[in-house]
file query_31.pdb (PDB, C-alpha atoms and all ligand atoms)
ATOM      1  CA  MET O   1      72.020 -40.609 -31.174  1.00  0.00           C
ATOM      2  CA  GLU O   2      69.952 -37.893 -32.825  1.00  0.00           C
ATOM      3  CA  PHE O   3      71.050 -34.259 -32.583  1.00  0.00           C
ATOM      4  CA  LEU O   4      68.491 -31.706 -33.750  1.00  0.00           C
ATOM      5  CA  GLN O   5      69.012 -28.002 -34.412  1.00  0.00           C
ATOM      6  CA  VAL O   6      66.645 -25.315 -35.663  1.00  0.00           C
ATOM      7  CA  LEU O   7      68.515 -22.653 -37.632  1.00  0.00           C
ATOM      8  CA  PRO O   8      67.614 -19.714 -39.892  1.00  0.00           C
ATOM      9  CA  VAL O   9      68.438 -20.911 -43.392  1.00  0.00           C
ATOM     10  CA  HIS O  10      70.213 -17.663 -44.328  1.00  0.00           C
ATOM     11  CA  ARG O  11      72.759 -18.432 -41.611  1.00  0.00           C
ATOM     12  CA  CYS O  12      73.521 -21.901 -42.936  1.00  0.00           C
ATOM     13  CA  LYS O  13      73.275 -21.606 -46.703  1.00  0.00           C
ATOM     14  CA  GLN O  14      74.791 -25.045 -47.255  1.00  0.00           C
ATOM     15  CA  TYR O  15      71.307 -26.431 -46.473  1.00  0.00           C
ATOM     16  CA  VAL O  16      69.357 -24.285 -48.945  1.00  0.00           C
ATOM     17  CA  SER O  17      69.301 -26.774 -51.810  1.00  0.00           C
ATOM     18  CA  ASP O  18      68.249 -29.739 -49.638  1.00  0.00           C
ATOM     19  CA  CYS O  19      65.630 -27.582 -47.964  1.00  0.00           C
ATOM     20  CA  CYS O  20      64.287 -26.657 -51.366  1.00  0.00           C
ATOM     21  CA  ASP O  21      64.025 -30.349 -52.295  1.00  0.00           C
ATOM     22  CA  LEU O  22      62.233 -31.195 -49.045  1.00  0.00           C
ATOM     23  CA  ILE O  23      59.619 -28.481 -49.555  1.00  0.00           C
ATOM     24  CA  ASN O  24      59.176 -29.423 -53.208  1.00  0.00           C
ATOM     25  CA  SER O  25      58.701 -33.093 -52.308  1.00  0.00           C
ATOM     26  CA  GLU O  26      55.543 -31.974 -50.473  1.00  0.00           C
ATOM     27  CA  TRP O  27      54.407 -29.051 -52.655  1.00  0.00           C
ATOM     28  CA  PRO O  28      56.051 -29.323 -56.089  1.00  0.00           C
ATOM     29  CA  ARG O  29      57.159 -26.038 -57.625  1.00  0.00           C
ATOM     30  CA  THR O  30      60.099 -25.043 -59.753  1.00  0.00           C
ATOM     31  CA  LYS O  31      63.408 -25.127 -57.932  1.00  0.00           C
ATOM     32  CA  ALA O  32      64.036 -21.545 -59.043  1.00  0.00           C
ATOM     33  CA  ALA O  33      60.819 -20.342 -57.398  1.00  0.00           C
ATOM     34  CA  ARG O  34      61.630 -22.158 -54.171  1.00  0.00           C
ATOM     35  CA  LEU O  35      65.190 -20.922 -54.116  1.00  0.00           C
ATOM     36  CA  GLN O  36      63.926 -17.392 -54.573  1.00  0.00           C
ATOM     37  CA  MET O  37      61.710 -17.823 -51.524  1.00  0.00           C
ATOM     38  CA  LEU O  38      64.535 -19.285 -49.430  1.00  0.00           C
ATOM     39  CA  PHE O  39      67.012 -16.620 -50.461  1.00  0.00           C
ATOM     40  CA  MET O  40      64.595 -13.963 -49.164  1.00  0.00           C
ATOM     41  CA  SER O  41      65.107 -15.330 -45.654  1.00  0.00           C
ATOM     42  CA  CYS O  42      66.655 -12.754 -43.312  1.00  0.00           C
ATOM     43  CA  ASP O  43      66.810 -11.782 -39.647  1.00  0.00           C
ATOM     44  CA  ILE O  44      63.889  -9.329 -39.901  1.00  0.00           C
ATOM     45  CA  PHE O  45      61.362 -11.504 -41.763  1.00  0.00           C
ATOM     46  CA  PRO O  46      60.525 -13.368 -43.775  1.00  0.00           C
ATOM     47  CA  THR O  47      62.608 -16.035 -42.058  1.00  0.00           C
ATOM     48  CA  SER O  48      62.876 -19.661 -43.099  1.00  0.00           C
ATOM     49  CA  LEU O  49      63.864 -21.992 -40.271  1.00  0.00           C
ATOM     50  CA  VAL O  50      65.324 -25.407 -41.025  1.00  0.00           C
ATOM     51  CA  LEU O  51      65.390 -28.427 -38.751  1.00  0.00           C
ATOM     52  CA  ILE O  52      68.754 -30.172 -39.103  1.00  0.00           C
ATOM     53  CA  LEU O  53      69.521 -33.734 -38.025  1.00  0.00           C
ATOM     54  CA  ASN O  54      73.055 -34.525 -36.892  1.00  0.00           C
ATOM     55  CA  GLU O  55      74.434 -31.406 -38.588  1.00  0.00           C
ATOM     56  CA  GLU O  56      73.893 -32.955 -42.030  1.00  0.00           C
ATOM     57  CA  GLN O  57      70.300 -33.685 -43.032  1.00  0.00           C
ATOM     58  CA  VAL O  58      67.474 -31.199 -43.560  1.00  0.00           C
ATOM     59  CA  VAL O  59      64.447 -32.829 -41.936  1.00  0.00           C
ATOM     60  CA  GLY O  60      62.080 -29.892 -41.517  1.00  0.00           C
ATOM     61  CA  HIS O  61      61.225 -26.372 -42.584  1.00  0.00           C
ATOM     62  CA  CYS O  62      58.873 -23.544 -41.711  1.00  0.00           C
ATOM     63  CA  LYS O  63      58.652 -19.930 -42.822  1.00  0.00           C
ATOM     64  CA  LEU O  64      57.747 -16.970 -40.624  1.00  0.00           C
ATOM     65  CA  GLY O  65      56.503 -13.720 -42.111  1.00  0.00           C
ATOM     66  CA  GLU O  66      55.014 -10.528 -40.743  1.00  0.00           C
ATOM     67  CA  ILE O  67      51.312 -10.032 -41.396  1.00  0.00           C
ATOM     68  CA  ARG O  68      51.943  -6.299 -41.597  1.00  0.00           C
ATOM     69  CA  PHE O  69      55.312  -4.659 -41.976  1.00  0.00           C
ATOM     70  CA  GLY O  70      56.717  -3.984 -38.495  1.00  0.00           C
ATOM     71  CA  GLY O  71      53.601  -5.311 -36.736  1.00  0.00           C
ATOM     72  CA  ASP O  72      53.558  -7.840 -33.917  1.00  0.00           C
ATOM     73  CA  GLU O  73      51.647 -10.580 -35.742  1.00  0.00           C
ATOM     74  CA  ILE O  74      53.332 -13.430 -37.558  1.00  0.00           C
ATOM     75  CA  ILE O  75      52.137 -15.937 -40.114  1.00  0.00           C
ATOM     76  CA  ILE O  76      53.768 -19.362 -40.256  1.00  0.00           C
ATOM     77  CA  GLU O  77      53.711 -21.148 -43.600  1.00  0.00           C
ATOM     78  CA  THR O  78      55.232 -24.096 -45.432  1.00  0.00           C
ATOM     79  CA  VAL O  79      55.633 -26.262 -42.342  1.00  0.00           C
ATOM     80  CA  VAL O  80      56.991 -29.650 -43.314  1.00  0.00           C
ATOM     81  CA  ILE O  81      58.780 -32.578 -41.673  1.00  0.00           C
ATOM     82  CA  HIS O  82      60.577 -35.168 -43.797  1.00  0.00           C
ATOM     83  CA  PRO O  83      58.194 -38.112 -44.371  1.00  0.00           C
ATOM     84  CA  ASP O  84      60.665 -40.579 -42.778  1.00  0.00           C
ATOM     85  CA  HIS O  85      60.595 -38.631 -39.527  1.00  0.00           C
ATOM     86  CA  ARG O  86      56.947 -37.737 -38.987  1.00  0.00           C
ATOM     87  CA  GLY O  87      55.204 -38.763 -35.791  1.00  0.00           C
ATOM     88  CA  LYS O  88      58.397 -38.458 -33.706  1.00  0.00           C
ATOM     89  CA  GLY O  89      57.638 -35.098 -32.132  1.00  0.00           C
ATOM     90  CA  TRP O  90      59.908 -33.200 -34.509  1.00  0.00           C
ATOM     91  CA  GLY O  91      57.081 -31.067 -35.916  1.00  0.00           C
ATOM     92  CA  ARG O  92      56.365 -29.919 -32.372  1.00  0.00           C
ATOM     93  CA  ILE O  93      60.058 -29.145 -31.810  1.00  0.00           C
ATOM     94  CA  LEU O  94      60.194 -27.094 -35.010  1.00  0.00           C
ATOM     95  CA  MET O  95      57.007 -25.177 -34.224  1.00  0.00           C
ATOM     96  CA  GLU O  96      58.018 -24.491 -30.623  1.00  0.00           C
ATOM     97  CA  ASP O  97      61.376 -23.168 -31.781  1.00  0.00           C
ATOM     98  CA  ALA O  98      59.600 -21.023 -34.381  1.00  0.00           C
ATOM     99  CA  GLU O  99      57.330 -19.624 -31.656  1.00  0.00           C
ATOM    100  CA  GLU O 100      60.347 -18.877 -29.471  1.00  0.00           C
ATOM    101  CA  TYR O 101      62.088 -17.217 -32.417  1.00  0.00           C
ATOM    102  CA  ALA O 102      59.021 -15.003 -33.007  1.00  0.00           C
ATOM    103  CA  ARG O 103      58.775 -14.173 -29.309  1.00  0.00           C
ATOM    104  CA  ARG O 104      62.427 -13.122 -29.191  1.00  0.00           C
ATOM    105  CA  LYS O 105      61.708 -10.758 -32.089  1.00  0.00           C
ATOM    106  CA  GLY O 106      58.893  -9.145 -30.096  1.00  0.00           C
ATOM    107  CA  LYS O 107      56.018 -10.817 -31.893  1.00  0.00           C
ATOM    108  CA  LYS O 108      52.830 -11.424 -29.931  1.00  0.00           C
ATOM    109  CA  LYS O 109      50.523 -13.504 -32.105  1.00  0.00           C
ATOM    110  CA  ILE O 110      50.907 -16.269 -34.645  1.00  0.00           C
ATOM    111  CA  TYR O 111      48.490 -17.127 -37.433  1.00  0.00           C
ATOM    112  CA  LEU O 112      48.532 -19.957 -39.920  1.00  0.00           C
ATOM    113  CA  SER O 113      46.212 -21.644 -42.359  1.00  0.00           C
ATOM    114  CA  THR O 114      45.802 -25.365 -42.913  1.00  0.00           C
ATOM    115  CA  ARG O 115      43.408 -27.542 -44.826  1.00  0.00           C
ATOM    116  CA  ASN O 116      44.187 -30.929 -43.305  1.00  0.00           C
ATOM    117  CA  GLN O 117      46.465 -30.590 -40.294  1.00  0.00           C
ATOM    118  CA  GLU O 118      44.100 -28.960 -37.818  1.00  0.00           C
ATOM    119  CA  GLY O 119      44.686 -31.834 -35.370  1.00  0.00           C
ATOM    120  CA  PHE O 120      48.437 -31.201 -35.265  1.00  0.00           C
ATOM    121  CA  TYR O 121      48.046 -27.477 -34.609  1.00  0.00           C
ATOM    122  CA  LYS O 122      45.332 -28.005 -32.025  1.00  0.00           C
ATOM    123  CA  ARG O 123      47.713 -30.319 -30.129  1.00  0.00           C
ATOM    124  CA  LEU O 124      50.152 -27.424 -30.114  1.00  0.00           C
ATOM    125  CA  GLY O 125      47.556 -25.068 -28.634  1.00  0.00           C
ATOM    126  CA  TYR O 126      46.321 -23.254 -31.728  1.00  0.00           C
ATOM    127  CA  GLU O 127      42.682 -22.271 -32.011  1.00  0.00           C
ATOM    128  CA  ILE O 128      40.418 -21.621 -34.971  1.00  0.00           C
ATOM    129  CA  CYS O 129      39.934 -17.901 -35.460  1.00  0.00           C
ATOM    130  CA  LYS O 130      38.122 -15.502 -37.731  1.00  0.00           C
ATOM    131  CA  PRO O 131      39.605 -15.037 -41.206  1.00  0.00           C
ATOM    132  CA  ILE O 132      42.281 -12.396 -41.488  1.00  0.00           C
ATOM    133  CA  LEU O 133      43.601 -10.454 -44.453  1.00  0.00           C
ATOM    134  CA  TYR O 134      47.177 -11.305 -45.288  1.00  0.00           C
ATOM    135  CA  PHE O 135      49.134  -9.440 -47.940  1.00  0.00           C
ATOM    136  CA  GLY O 136      51.836 -11.836 -49.084  1.00  0.00           C
ATOM    137  CA  PHE O 137      55.387 -10.530 -49.187  1.00  0.00           C
ATOM    138  CA  CYS O 138      55.517 -10.312 -52.986  1.00  0.00           C
ATOM    139  CA  ASP O 139      51.884 -10.589 -54.002  1.00  0.00           C
ATOM    140  CA  ARG O 140      49.974  -7.528 -52.811  1.00  0.00           C
ATOM    141  CA  THR O 141      46.581  -9.098 -53.561  1.00  0.00           C
ATOM    142  CA  PRO O 142      44.603  -9.594 -50.341  1.00  0.00           C
ATOM    143  CA  GLU O 143      44.455 -13.273 -49.378  1.00  0.00           C
ATOM    144  CA  PRO O 144      41.782 -13.990 -46.813  1.00  0.00           C
ATOM    145  CA  LEU O 145      42.689 -16.949 -44.600  1.00  0.00           C
ATOM    146  CA  GLU O 146      39.289 -18.494 -44.726  1.00  0.00           C
ATOM    147  CA  ASP O 147      37.453 -21.044 -42.609  1.00  0.00           C
ATOM    148  CA  ASN O 148      40.594 -22.719 -41.368  1.00  0.00           C
ATOM    149  CA  GLY O 149      42.571 -19.721 -40.210  1.00  0.00           C
ATOM    150  CA  ILE O 150      44.171 -20.719 -36.912  1.00  0.00           C
ATOM    151  CA  SER O 151      45.817 -18.502 -34.357  1.00  0.00           C
ATOM    152  CA  ASN O 152      47.955 -18.945 -31.317  1.00  0.00           C
ATOM    153  CA  GLY O 153      47.054 -16.197 -28.832  1.00  0.00           C
ATOM    154  CA  ASP O 154      50.377 -14.836 -27.690  1.00  0.00           C
ATOM    155  CA  THR O 155      52.849 -17.384 -28.971  1.00  0.00           C
ATOM    156  CA  LYS O 156      52.559 -19.330 -25.691  1.00  0.00           C
ATOM    157  CA  HIS O 157      50.432 -22.183 -26.872  1.00  0.00           C
ATOM    158  CA  SER O 158      50.057 -23.779 -23.465  1.00  0.00           C
ATOM    159  CA  GLU O 159      47.922 -20.860 -22.341  1.00  0.00           C
ATOM    160  CA  ASN O 160      45.403 -21.691 -25.021  1.00  0.00           C
ATOM    161  CA  ILE O 161      44.906 -25.308 -24.080  1.00  0.00           C
ATOM    162  CA  PRO O 162      41.680 -25.718 -22.102  1.00  0.00           C
TER
HETATM  163  N1  LIG B   1      46.107 -34.991 -36.312  1.00  0.00           N
HETATM  164  C1  LIG B   1      46.085 -34.952 -34.951  1.00  0.00           C
HETATM  165  N2  LIG B   1      47.215 -34.872 -34.197  1.00  0.00           N
HETATM  166  C2  LIG B   1      48.390 -34.858 -34.834  1.00  0.00           C
HETATM  167  C3  LIG B   1      48.503 -34.897 -36.243  1.00  0.00           C
HETATM  168  C4  LIG B   1      47.289 -34.959 -36.995  1.00  0.00           C
HETATM  169  N3  LIG B   1      47.290 -34.975 -38.345  1.00  0.00           N
HETATM  170  N4  LIG B   1      49.798 -34.862 -36.581  1.00  0.00           N
HETATM  171  C5  LIG B   1      50.494 -34.802 -35.425  1.00  0.00           C
HETATM  172  N5  LIG B   1      49.636 -34.811 -34.377  1.00  0.00           N
HETATM  173  C6  LIG B   1      49.958 -34.702 -32.959  1.00  0.00           C
HETATM  174  C7  LIG B   1      50.899 -35.797 -32.496  1.00  0.00           C
HETATM  175  O1  LIG B   1      50.189 -36.935 -32.050  1.00  0.00           O
HETATM  176  C8  LIG B   1      51.647 -35.103 -31.376  1.00  0.00           C
HETATM  177  O2  LIG B   1      50.845 -35.094 -30.203  1.00  0.00           O
HETATM  178  P1  LIG B   1      51.559 -35.147 -28.742  1.00  0.00           P
HETATM  179  O3  LIG B   1      52.738 -34.180 -28.763  1.00  0.00           O
HETATM  180  O4  LIG B   1      50.508 -34.744 -27.805  1.00  0.00           O
HETATM  181  O5  LIG B   1      52.035 -36.555 -28.591  1.00  0.00           O
HETATM  182  C9  LIG B   1      51.727 -33.656 -31.845  1.00  0.00           C
HETATM  183  O6  LIG B   1      50.674 -33.486 -32.802  1.00  0.00           O
HETATM  184  C10 LIG B   1      53.053 -33.341 -32.477  1.00  0.00           C
HETATM  185  O7  LIG B   1      53.269 -34.263 -33.544  1.00  0.00           O
HETATM  186  P2  LIG B   1      54.670 -34.411 -34.270  1.00  0.00           P
HETATM  187  O8  LIG B   1      55.109 -35.823 -34.207  1.00  0.00           O
HETATM  188  O9  LIG B   1      55.604 -33.389 -33.741  1.00  0.00           O
HETATM  189  O10 LIG B   1      54.269 -34.061 -35.774  1.00  0.00           O
HETATM  190  P3  LIG B   1      55.136 -34.352 -37.076  1.00  0.00           P
HETATM  191  O11 LIG B   1      56.583 -34.339 -36.754  1.00  0.00           O
HETATM  192  O12 LIG B   1      54.613 -35.568 -37.748  1.00  0.00           O
HETATM  193  O13 LIG B   1      54.825 -33.069 -37.983  1.00  0.00           O
HETATM  194  C11 LIG B   1      53.487 -32.194 -39.771  1.00  0.00           C
HETATM  195  C12 LIG B   1      53.499 -32.714 -38.324  1.00  0.00           C
HETATM  196  C13 LIG B   1      54.435 -31.001 -39.884  1.00  0.00           C
HETATM  197  C14 LIG B   1      52.074 -31.706 -40.079  1.00  0.00           C
HETATM  198  C15 LIG B   1      53.923 -33.332 -40.703  1.00  0.00           C
HETATM  199  O14 LIG B   1      52.977 -34.372 -40.616  1.00  0.00           O
HETATM  200  C16 LIG B   1      54.052 -32.933 -42.161  1.00  0.00           C
HETATM  201  O15 LIG B   1      55.095 -32.468 -42.589  1.00  0.00           O
HETATM  202  N6  LIG B   1      52.969 -33.129 -42.952  1.00  0.00           N
HETATM  203  C17 LIG B   1      52.998 -32.834 -44.411  1.00  0.00           C
HETATM  204  C18 LIG B   1      53.080 -31.363 -44.704  1.00  0.00           C
HETATM  205  C19 LIG B   1      51.939 -30.594 -44.079  1.00  0.00           C
HETATM  206  O16 LIG B   1      50.763 -30.916 -44.213  1.00  0.00           O
HETATM  207  N7  LIG B   1      52.301 -29.506 -43.377  1.00  0.00           N
HETATM  208  C20 LIG B   1      51.364 -28.590 -42.728  1.00  0.00           C
HETATM  209  C21 LIG B   1      50.921 -27.567 -43.721  1.00  0.00           C
HETATM  210  S1  LIG B   1      50.012 -26.240 -42.934  1.00  0.00           S
HETATM  211  C22 LIG B   1      51.148 -24.952 -42.755  1.00  0.00           C
HETATM  212  O17 LIG B   1      52.231 -25.036 -43.268  1.00  0.00           O
HETATM  213  C23 LIG B   1      50.755 -23.796 -41.891  1.00  0.00           C
END

call {"tool": "encode", "arguments": {"input": "query_31.pdb", "output": "structure tokens"}}
result
Amino acid sequence: MEFLQVLPVHRCKQYVSDCCDLINSEWPRTKAARLQMLFMSCDIFPTSLVLILNEEQVVGHCKLGEIRFGGDEIIIETVVIHPDHRGKGWGRILMEDAEEYARRKGKKKIYLSTRNQEGFYKRLGYEICKPILYFGFCDRTPEPLEDNGISNGDTKHSENIP
């Protein structure tokens, strides 16, 4: 029996180290840099959500940040499902929980950028959009989300499916 939960990482800090390892298995970086990112997670963004299997294993992660401080647009980054558990619908579960989390916080629109997972996000109702300017939380240099910027109209992806 599989029991899945999506939790903000700052509310279950026992998972921080494993979450760090999962993200770094996909996009290697120093553990210190990753930990710094995860320890910035808070209730008012940025927020890292972890997908937990059977209250013991970190099997997914995504990070939600505000595009502009206090605005109603969110960017979702660093979405990853453990390689052993891909293709089981868990990425959808994580993303739908992330959308619900954003909605509960009053957010209206979600953006993300991907280079090779357009098919996954399109299945979830996201659409290609014009590039946007995103000022990262720490790095104030403008980062245009170029040709593969993808948005989800009002966080209800089903409304965007033709
Ligand atoms: N192309 C087309 N459709 C896809 C793809 C794909 N590459 N991947 C999944 N789907 C579809 C599935 O068939 C499923 O469709 P259905 O619900 O209609 O049956 C739906 O998308 C949901 O699939 P899941 O099984 O929930 O996806 P999974 O759990 O495998 O997670 C993920 C997808 C997160 C992309 C995973 O493959 C992964 O971690 N990849 C490596 C890291 C990565 O590339 N992350 C995205 C970076 S972009 C960013 O972070 C914004």

call {"tool": "residues_near_ligand", "arguments": {"input": "query_31.pdb", "ligand": "ligand LIG 1 (chain B)", "cutoff": "9 Å", "atoms": "all atoms listed in the file", "output": "PyMOL selection string"}}
result
chain O and resi 23+26-27+60-63+75-83+85-95+111-124+150

call {"tool": "resolve_selection", "arguments": {"input": "query_31.pdb", "expression": "the PyMOL selection byres (((chain O and resi 11-21) around 9) and not hetatm)", "output": "NGL selection string"}}
result
:O and (7-10 or 22-26 or 28 or 31 or 34-35 or 38-39 or 42 or 50 or 52 or 56-61)

call {"tool": "atom_distance", "arguments": {"input": "query_31.pdb", "atom1": "atom CA of Ile74 of chain O", "atom2": "atom CA of Asn54 of chain O"}}
result
28.9 Å

call {"tool": "closest_residue", "arguments": {"input": "query_31.pdb", "among": "O:Lys108, O:Tyr101, O:Tyr134, O:Tyr126", "to": "Gly71 of chain O", "atoms": "all atoms listed in the file"}}
result
O:Lys108

call {"tool": "resolve_selection", "arguments": {"input": "query_31.pdb", "expression": "the PyMOL selection byres (((chain O and resi 2) around 10) and not hetatm)", "output": "JSON, numbers by chain"}}
result
{"O": [1, 3, 4, 53, 54, 55]}

call {"tool": "atom_distance", "arguments": {"input": "query_31.pdb", "atom1": "atom CA of Ile44 of chain O", "atom2": "atom CA of Arg103 of chain O"}}
result
12.7 Å

call {"tool": "atom_distance", "arguments": {"input": "query_31.pdb", "atom1": "atom CA of Gly70 of chain O", "atom2": "atom CA of Ala32 of chain O"}}
result
28.0 Å

call {"tool": "resolve_selection", "arguments": {"input": "query_31.pdb", "expression": "the PyMOL selection byres (((chain O and resi 129) around 7) and not hetatm)", "output": "list in words"}}
result
Glu127, Ile128, Lys130, Pro131, Gly149, Ile150 and Ser151 of chain O

call {"tool": "decode", "arguments": {"input": "query_31.pdb", "residues": "segment 66-115 of chain O", "atoms": "C-alpha atoms", "output": "compact mmCIF listing (two decimals), in the first residue's frame"}}
result
# COMPACT_ATOMS: atom_id res chain seq x y z
CA GLU O 66 6.55 34.62 -6.66
CA ILE O 67 7.36 36.25 -9.99
CA ARG O 68 7.02 39.63 -8.30
CA PHE O 69 6.97 40.23 -4.58
CA GLY O 70 3.35 40.08 -3.39
CA GLY O 71 1.98 39.55 -6.91
CA ASP O 72 -0.47 36.86 -7.95
CA GLU O 73 1.82 35.02 -10.38
CA ILE O 74 3.88 32.02 -9.41
CA ILE O 75 6.82 30.27 -11.01
CA ILE O 76 7.31 26.55 -10.43
CA GLU O 77 10.86 25.23 -10.66
CA THR O 78 12.97 22.19 -9.88
CA VAL O 79 10.17 19.68 -10.42
CA VAL O 80 11.50 16.16 -10.00
CA ILE O 81 10.15 12.68 -9.29
CA HIS O 82 12.48 9.92 -8.11
CA PRO O 83 13.59 7.89 -11.17
CA ASP O 84 12.18 4.65 -9.67
CA HIS O 85 8.71 6.16 -9.50
CA ARG O 86 8.29 8.03 -12.78
CA GLY O 87 5.37 7.23 -15.05
CA LYS O 88 3.07 6.35 -12.12
CA GLY O 89 1.12 9.59 -12.04
CA TRP O 90 3.07 10.98 -9.10
CA GLY O 91 4.36 13.99 -11.04
CA ARG O 92 0.75 14.91 -11.75
CA ILE O 93 -0.14 14.49 -8.06
CA LEU O 94 2.74 16.74 -7.03
CA MET O 95 1.91 19.42 -9.60
CA GLU O 96 -1.80 19.38 -8.79
CA ASP O 97 -1.04 19.77 -5.10
CA ALA O 98 1.36 22.61 -5.92
CA GLU O 99 -1.38 24.32 -7.95
CA GLU O 100 -3.83 23.90 -5.08
CA TYR O 101 -1.25 25.27 -2.65
CA ALA O 102 -0.76 28.35 -4.89
CA ARG O 103 -4.52 28.81 -5.25
CA ARG O 104 -5.00 28.71 -1.48
CA LYS O 105 -2.40 31.48 -1.20
CA GLY O 106 -4.41 33.63 -3.62
CA LYS O 107 -2.23 33.09 -6.66
CA LYS O 108 -3.89 33.24 -10.07
CA LYS O 109 -1.32 32.19 -12.65
CA ILE O 110 1.53 29.72 -12.82
CA TYR O 111 4.55 29.93 -15.10
CA LEU O 112 7.39 27.50 -15.62
CA SER O 113 10.17 26.85 -18.07
CA THR O 114 11.23 23.50 -19.47
CA ARG O 115 13.56 22.35 -22.19
